[in-house]
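> Sharing a structure here in structure tokens format.
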Amino acid sequence: MTTPHKPLSLYAFLRPRPERADEVRRILTSFVEPTRQEEGNLQYHLHEHEDGRFFLYEVWRSQEDLDRHNALPYLRAFLDHLPDYLEGSPEGYFDTMLSPYPGSAAEGS
């Protein structure tokens, strides 16, 4: 018997270097639709705060799905060069969702 996965949420603030803000916006925006099509992605949202920071909110079916996403070449190319794009480190958080996600295996457990 397998244990149902609980959805994993990831949220992060990214502050782009001012001279690269347009490029970071373009890159992050280009990730939205492909990521939403990935197996295991439940939500993927990109926001731009008035102070210039970008806010990402993602929900994944499982850690394995997120790991598969993070290994994609186009994403690795960005993540491996974050210091070139950002001022400081991203402020990120990973959490297990306590509220059931509609339609997930954990719903109703």
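Simple scheme: letters A, B, ... for chains in structure tokens order, numbers from 1 for residues in each chain, numbers from 1 for ligands in the order shown.
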Which of chain A counts as alpha helix (DSSP H) under DSSP, as a PyMOL selection string please?

chain A and resi 21-36+63-70+73-79+82-85

> Okay, now the selection with N, CA, C and O atoms, as a short mmCIF file (atom, residue, chain, number, x, y, z; two decimals), in the first residue's frame?


```
data_model
loop_
_atom_site.label_atom_id
_atom_site.label_comp_id
_atom_site.auth_asym_id
_atom_site.auth_seq_id
_atom_site.Cartn_x
_atom_site.Cartn_y
_atom_site.Cartn_z
N ALA A 21 16.45 43.53 -14.92
CA ALA A 21 15.05 43.32 -14.53
C ALA A 21 14.18 42.91 -15.72
O ALA A 21 13.36 41.99 -15.60
N ASP A 22 14.33 43.57 -16.85
CA ASP A 22 13.52 43.21 -18.02
C ASP A 22 13.82 41.80 -18.49
O ASP A 22 12.92 41.05 -18.87
N GLU A 23 15.09 41.44 -18.47
CA GLU A 23 15.49 40.09 -18.88
C GLU A 23 14.93 39.04 -17.93
O GLU A 23 14.41 38.00 -18.36
N VAL A 24 15.01 39.30 -16.62
CA VAL A 24 14.47 38.36 -15.63
C VAL A 24 12.97 38.22 -15.80
O VAL A 24 12.43 37.12 -15.77
N ARG A 25 12.28 39.33 -16.03
CA ARG A 25 10.83 39.29 -16.26
C ARG A 25 10.51 38.40 -17.47
O ARG A 25 9.62 37.56 -17.43
N ARG A 26 11.26 38.59 -18.54
CA ARG A 26 11.04 37.80 -19.77
C ARG A 26 11.30 36.32 -19.51
O ARG A 26 10.51 35.46 -19.91
N ILE A 27 12.39 36.01 -18.82
CA ILE A 27 12.73 34.61 -18.53
C ILE A 27 11.66 33.97 -17.66
O ILE A 27 11.15 32.88 -17.97
N LEU A 28 11.32 34.63 -16.55
CA LEU A 28 10.34 34.05 -15.63
C LEU A 28 8.97 33.90 -16.30
O LEU A 28 8.30 32.89 -16.11
N THR A 29 8.59 34.87 -17.10
CA THR A 29 7.31 34.79 -17.81
C THR A 29 7.32 33.61 -18.79
O THR A 29 6.30 32.92 -18.95
N SER A 30 8.47 33.36 -19.40
CA SER A 30 8.55 32.24 -20.36
C SER A 30 8.41 30.88 -19.68
O SER A 30 8.12 29.89 -20.35
N PHE A 31 8.59 30.81 -18.37
CA PHE A 31 8.46 29.55 -17.64
C PHE A 31 7.01 29.19 -17.34
O PHE A 31 6.71 28.02 -17.07
N VAL A 32 6.12 30.15 -17.34
CA VAL A 32 4.76 29.94 -16.83
C VAL A 32 4.02 28.83 -17.58
O VAL A 32 3.62 27.82 -16.99
N GLU A 33 3.78 29.00 -18.86
CA GLU A 33 2.96 28.02 -19.59
C GLU A 33 3.60 26.64 -19.67
O GLU A 33 2.91 25.64 -19.44
N PRO A 34 4.91 26.51 -19.98
CA PRO A 34 5.49 25.17 -19.99
C PRO A 34 5.39 24.46 -18.63
O PRO A 34 5.12 23.27 -18.56
N THR A 35 5.58 25.24 -17.56
CA THR A 35 5.51 24.63 -16.23
C THR A 35 4.10 24.18 -15.92
O THR A 35 3.90 23.10 -15.35
N ARG A 36 3.11 24.95 -16.29
CA ARG A 36 1.72 24.57 -16.05
C ARG A 36 1.33 23.29 -16.79
O ARG A 36 0.38 22.63 -16.40
N GLN A 63 7.21 15.95 -4.09
CA GLN A 63 8.60 16.37 -4.18
C GLN A 63 9.24 15.82 -5.44
O GLN A 63 10.04 16.50 -6.09
N GLU A 64 8.88 14.61 -5.83
CA GLU A 64 9.44 14.01 -7.04
C GLU A 64 9.09 14.83 -8.28
O GLU A 64 9.92 15.02 -9.16
N ASP A 65 7.85 15.34 -8.33
CA ASP A 65 7.44 16.18 -9.46
C ASP A 65 8.24 17.48 -9.48
O ASP A 65 8.68 17.92 -10.54
N LEU A 66 8.43 18.09 -8.32
CA LEU A 66 9.22 19.32 -8.25
C LEU A 66 10.67 19.05 -8.63
O LEU A 66 11.28 19.84 -9.37
N ASP A 67 11.23 17.94 -8.16
CA ASP A 67 12.62 17.59 -8.51
C ASP A 67 12.77 17.42 -10.03
O ASP A 67 13.75 17.87 -10.61
N ARG A 68 11.80 16.77 -10.66
CA ARG A 68 11.83 16.57 -12.11
C ARG A 68 11.78 17.93 -12.82
O ARG A 68 12.53 18.18 -13.77
N HIS A 69 10.94 18.83 -12.33
CA HIS A 69 10.84 20.18 -12.88
C HIS A 69 12.18 20.92 -12.75
O HIS A 69 12.68 21.50 -13.72
N ASN A 70 12.76 20.87 -11.57
CA ASN A 70 14.01 21.60 -11.32
C ASN A 70 15.19 21.06 -12.12
O ASN A 70 16.19 21.74 -12.25
N PRO A 73 16.50 21.28 -18.40
CA PRO A 73 17.64 22.09 -18.86
C PRO A 73 17.41 23.60 -18.87
O PRO A 73 18.27 24.36 -18.45
N TYR A 74 16.24 24.04 -19.34
CA TYR A 74 16.01 25.49 -19.40
C TYR A 74 15.95 26.11 -18.01
O TYR A 74 16.39 27.24 -17.80
N LEU A 75 15.43 25.36 -17.04
CA LEU A 75 15.37 25.87 -15.68
C LEU A 75 16.74 25.82 -15.01
O LEU A 75 17.14 26.75 -14.31
N ARG A 76 17.47 24.73 -15.25
CA ARG A 76 18.84 24.61 -14.70
C ARG A 76 19.70 25.76 -15.20
O ARG A 76 20.50 26.32 -14.44
N ALA A 77 19.56 26.13 -16.48
CA ALA A 77 20.37 27.21 -17.04
C ALA A 77 20.13 28.51 -16.28
O ALA A 77 21.07 29.29 -16.06
N PHE A 78 18.90 28.75 -15.87
CA PHE A 78 18.59 29.95 -15.10
C PHE A 78 19.08 29.80 -13.65
O PHE A 78 19.77 30.68 -13.14
N LEU A 79 18.74 28.70 -13.01
CA LEU A 79 19.10 28.50 -11.60
C LEU A 79 20.61 28.49 -11.38
O LEU A 79 21.09 29.00 -10.37
N LEU A 82 21.84 32.20 -11.12
CA LEU A 82 21.06 33.16 -10.34
C LEU A 82 21.86 34.37 -9.89
O LEU A 82 21.36 35.49 -9.98
N PRO A 83 23.10 34.21 -9.40
CA PRO A 83 23.84 35.40 -8.96
C PRO A 83 24.04 36.43 -10.07
O PRO A 83 24.17 37.62 -9.78
N ASP A 84 24.05 36.00 -11.32
CA ASP A 84 24.18 36.94 -12.44
C ASP A 84 22.90 37.77 -12.64
O ASP A 84 22.95 38.87 -13.16
N TYR A 85 21.76 37.21 -12.24
CA TYR A 85 20.47 37.84 -12.47
C TYR A 85 19.91 38.60 -11.26
O TYR A 85 19.12 39.52 -11.43
#
```

> Mind checking DSSP for stretch 55-108 of chain A and telling me the strand (DSSP E or B) residues as a list in words?

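Written out, the strand (DSSP E or B) residues of stretch 55-108 of chain A are Phe55, Leu56, Tyr57, Glu58, Val59, Trp60, Leu86, Glu91, Gly92, Tyr93, Phe94, Asp95 and Thr96 of chain A.
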
> Could you give me, as a PyMOL selection string, the residues within 10 Å of stretch 4-15 of chain A, counting only C-alpha atoms and dropping anything in the same chain fewer than 6 positions from it?

chain A and resi 21+24+40-49+51-66+82+85-101+104-107+109
